[in-house]
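S.K.: First the structure, then my questions, so here it is.
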Amino acid sequence: MTDISPTKLTKRSVDAAQPTANRYVVWDSELKGFGLRVEPSGSKSYLVRYRAGQGGRAAAKRFLSIGRHGTLTPDEARRKAKEVLGAAARGEDPADDRARFRAAPTVAEIAKAFLTEHLKTKRKPSTLANYRRAFDLHILPSLGRKKGEEVTRADVARLHHEMQSRPAMANYASAVLSSMYTWAAKRHFVPEEFNPATKVGKYREKQRERFLTAEELGRLGQAIRKAETEGVTWEPRATKKAKHAPRPENRRVTINAHTAAALRLLLFTGARLREILHLRWEHFDVGRGLLLLPDSKTGKKTIVLGAAALQVLASVPPIGAFVIAGEGAGTAGEKPRSDLKRPWELVATEAGLVGVRLHDLRHSFASVGAGSGLGLPIIGKLLGHSQAATTHRYAHLDSDPLRRAADEISERIVHAMGGSGPATP
């Protein structure tokens, strides 16, 4: 690489620099160490020459490219060159800093390590699946290619804002990202205490409450009985072509005894879906009428069974390790059933339950208990809540204790006023 006589680098002088058979550099006459590199192809880029470390003749001479001409103007390139030369004068090595930054992991690389090295060994499979879904669907498409330490709070806030139509998921994605950065800082993937996901305001989440009424529970019971006996009809989805769909008279589907039992156990126990689908016969204490779950969302859990649930369990034919027969039931490779989406859709449609989720059966169990005045602590124990605040969402349904309290207080006030009947002004 040859040099030519220094000249002030301006737009005119840079445009006038013509390519030759060999690469050459035009050094700026005003800022020592700032230059323009001209390639034989005609490509032009700005560079800085400096001595690393403490400077002086003994220090190594380093070259650092700062950008192409066209992307940068000569004045913009000169300002960048001053920053590099200033850093070198302070004993820093900008070239090493750039190399370190290039070697720094991206958000996608940090996420992969976070999932495999941390979550896979320390969290439940369901938690791992939820985190992975948040990364794959939301975080990585937006931030995956950025260097981990390059992400700003503004980037996270922008992602959060783009998901405003789904506030709960937006808040969850932000929390997942924050958790990843806390771990990454401990592993030195990013600078210590660096976490751009902190202090990003959360959206207010509307807690979804859907409780089945007594009339809806009646329709649901009829629909389950019909589905396991004569069968229920189904209609092709409007989004799919129905050209080869069976005739209406042939669109009748039945559910087996295990599927019906799963739906009834969800209703009669208030258990979570996975707690029922992953339930093994060995977890069932027949003598005491208990389900002794070794693991659940809140850890080890005991479910007290009522008479209806016990009757369901007594009617289920045991054909494998799992109460609700799954894939390969009764074989060495047996797996629990993965979901109840299709049968629930059939039964809910037959019962006319629009927008009701399987998890709403758990809410309905709690709502019946609260409406019967059983008290929130008892309901919390039945549901396996680890915190009383979780059960408090059903407090507005527990009206009987409040009404009794209001009656007692008003009676005392009436008595104090010297009357025995309703107080009058």
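We label chains A, B, ... in the order they appear in the structure tokens, count residues from 1 in each chain, and number ligands from 1 in the order shown.
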So which residues of region 119-179 of chain A fall under alpha helix (DSSP H) by DSSP, listed as a PyMOL selection string?

M.R.: chain A and resi 120-122+125-134+140-143+153-162+167-179

S.K.: Which of region 15-261 of chain A end up as strand (DSSP E or B) when DSSP is run on this backbone - answer as JSON, numbers by chain?

M.R.: {"A": [24, 25, 26, 27, 28, 34, 35, 36, 37, 38, 44, 45, 46, 47, 48, 49, 50, 51, 61, 62, 63, 64, 65, 66, 67, 68, 69, 72, 106, 147, 232, 233, 252, 253]}

S.K.: Keeping only C-alpha atoms, write the selected residues as a PDB file, in the first residue's frame.

M.R.:
ATOM      1  CA  TYR A  24      -2.866   3.731  -2.066  1.00  0.00           C
ATOM      2  CA  VAL A  25      -3.632   6.106   0.819  1.00  0.00           C
ATOM      3  CA  VAL A  26      -4.139   9.847   0.788  1.00  0.00           C
ATOM      4  CA  TRP A  27      -3.309  11.214   4.246  1.00  0.00           C
ATOM      5  CA  ASP A  28      -5.061  14.273   5.577  1.00  0.00           C
ATOM      6  CA  PHE A  34      -6.502  10.305   9.261  1.00  0.00           C
ATOM      7  CA  GLY A  35      -6.511   9.053   5.680  1.00  0.00           C
ATOM      8  CA  LEU A  36      -8.439   7.901   2.606  1.00  0.00           C
ATOM      9  CA  ARG A  37      -7.730   4.439   1.179  1.00  0.00           C
ATOM     10  CA  VAL A  38      -8.358   4.027  -2.552  1.00  0.00           C
ATOM     11  CA  LYS A  44     -12.819   4.443  -1.213  1.00  0.00           C
ATOM     12  CA  SER A  45     -12.837   4.193   2.562  1.00  0.00           C
ATOM     13  CA  TYR A  46     -11.567   6.238   5.499  1.00  0.00           C
ATOM     14  CA  LEU A  47      -9.022   4.916   7.987  1.00  0.00           C
ATOM     15  CA  VAL A  48      -7.037   5.931  11.048  1.00  0.00           C
ATOM     16  CA  ARG A  49      -3.399   5.145  11.830  1.00  0.00           C
ATOM     17  CA  TYR A  50      -2.287   5.264  15.469  1.00  0.00           C
ATOM     18  CA  ARG A  51       0.125   3.698  17.930  1.00  0.00           C
ATOM     19  CA  LYS A  61       1.326   0.855  14.690  1.00  0.00           C
ATOM     20  CA  ARG A  62      -2.327  -0.014  14.097  1.00  0.00           C
ATOM     21  CA  PHE A  63      -4.771   0.747  11.285  1.00  0.00           C
ATOM     22  CA  LEU A  64      -8.531   0.966  11.800  1.00  0.00           C
ATOM     23  CA  SER A  65     -11.136   1.352   9.047  1.00  0.00           C
ATOM     24  CA  ILE A  66     -13.898   3.782  10.055  1.00  0.00           C
ATOM     25  CA  GLY A  67     -16.259   3.647   7.062  1.00  0.00           C
ATOM     26  CA  ARG A  68     -16.780   3.932   3.319  1.00  0.00           C
ATOM     27  CA  HIS A  69     -16.881   7.184   1.438  1.00  0.00           C
ATOM     28  CA  LEU A  72     -19.633   8.945   5.518  1.00  0.00           C
ATOM     29  CA  THR A 106     -25.560 -11.858  19.538  1.00  0.00           C
ATOM     30  CA  LYS A 147     -24.987  -7.949  19.675  1.00  0.00           C
ATOM     31  CA  VAL A 232     -71.696 -35.383  18.573  1.00  0.00           C
ATOM     32  CA  THR A 233     -71.668 -33.872  15.110  1.00  0.00           C
ATOM     33  CA  ARG A 252     -70.568 -37.857  14.165  1.00  0.00           C
ATOM     34  CA  VAL A 253     -67.663 -38.279  16.559  1.00  0.00           C
TER      35      VAL A 253
END

S.K.: Tell me which of A:Lys202, A:His359, A:Arg288, A:His161 sits closest to Glu275 (chain A), counting only C-alpha atoms.

M.R.: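 Smallest separation from Glu275 (chain A) among the options: A:His359.
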
S.K.: With distances taken over only C-alpha atoms, which of A:Asn195, A:Thr254, A:Gln222, A:Asn171 is nearest to Glu150 (chain A)?

M.R.: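 When distances to Glu150 (chain A) are compared using only C-alpha atoms, the smallest one comes from A:Asn195.
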
S.K.: With only C-alpha atoms as the counted atoms, please give the residues lying no more than 9 Å from His283 (chain A), apart from itself and same-chain residues fewer than 3 positions off, as a list of chain:residue names.

M.R.: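 Final neighbour list, sorted by chain and number: A:Leu279, A:Arg280, A:Leu290, A:Leu291, A:Leu292, A:Leu293, A:Pro294.
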
S.K.: Can you tell me which residues surround Lys82 (chain A) at a distance of at most 9 Å, considering only C-alpha atoms, apart from same-chain residues fewer than 4 positions away, and format the answer as number ranges by chain?

M.R.: A: 31, 34, 48, 77-78, 86-87

S.K.: Quick one: of A:Tyr131, A:Phe211, A:Phe284, A:Trp344, who's nearest to Ser179 (chain A), counting only C-alpha atoms?

M.R.: A:Tyr131

S.K.: Do you have the CA of Val156 (chain A)-CA of Met180 (chain A) distance handy?

M.R.: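 Here the two named atoms are 12.9 Å from each other.
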
S.K.: Counting only C-alpha atoms, which of A:Val176, A:Leu263, A:Arg225, A:Leu310 gets nearest to Asp285 (chain A)?

M.R.: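 Counting only C-alpha atoms, the residue closest to Asp285 (chain A) is A:Leu310.
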
S.K.: Any idea what the distance is between CA of His258 (chain A) and CA of Glu228 (chain A)?

M.R.: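 Spanning CA of His258 (chain A) to CA of Glu228 (chain A) is a straight-line distance of 9.8 Å.
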
S.K.: Kindly give the distance, in Å, that separates CA of Thr7 (chain A) and CA of Glu30 (chain A), rounded to a single decimal.

M.R.: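 Separation of CA of Thr7 (chain A) and CA of Glu30 (chain A): 7.9 Å.
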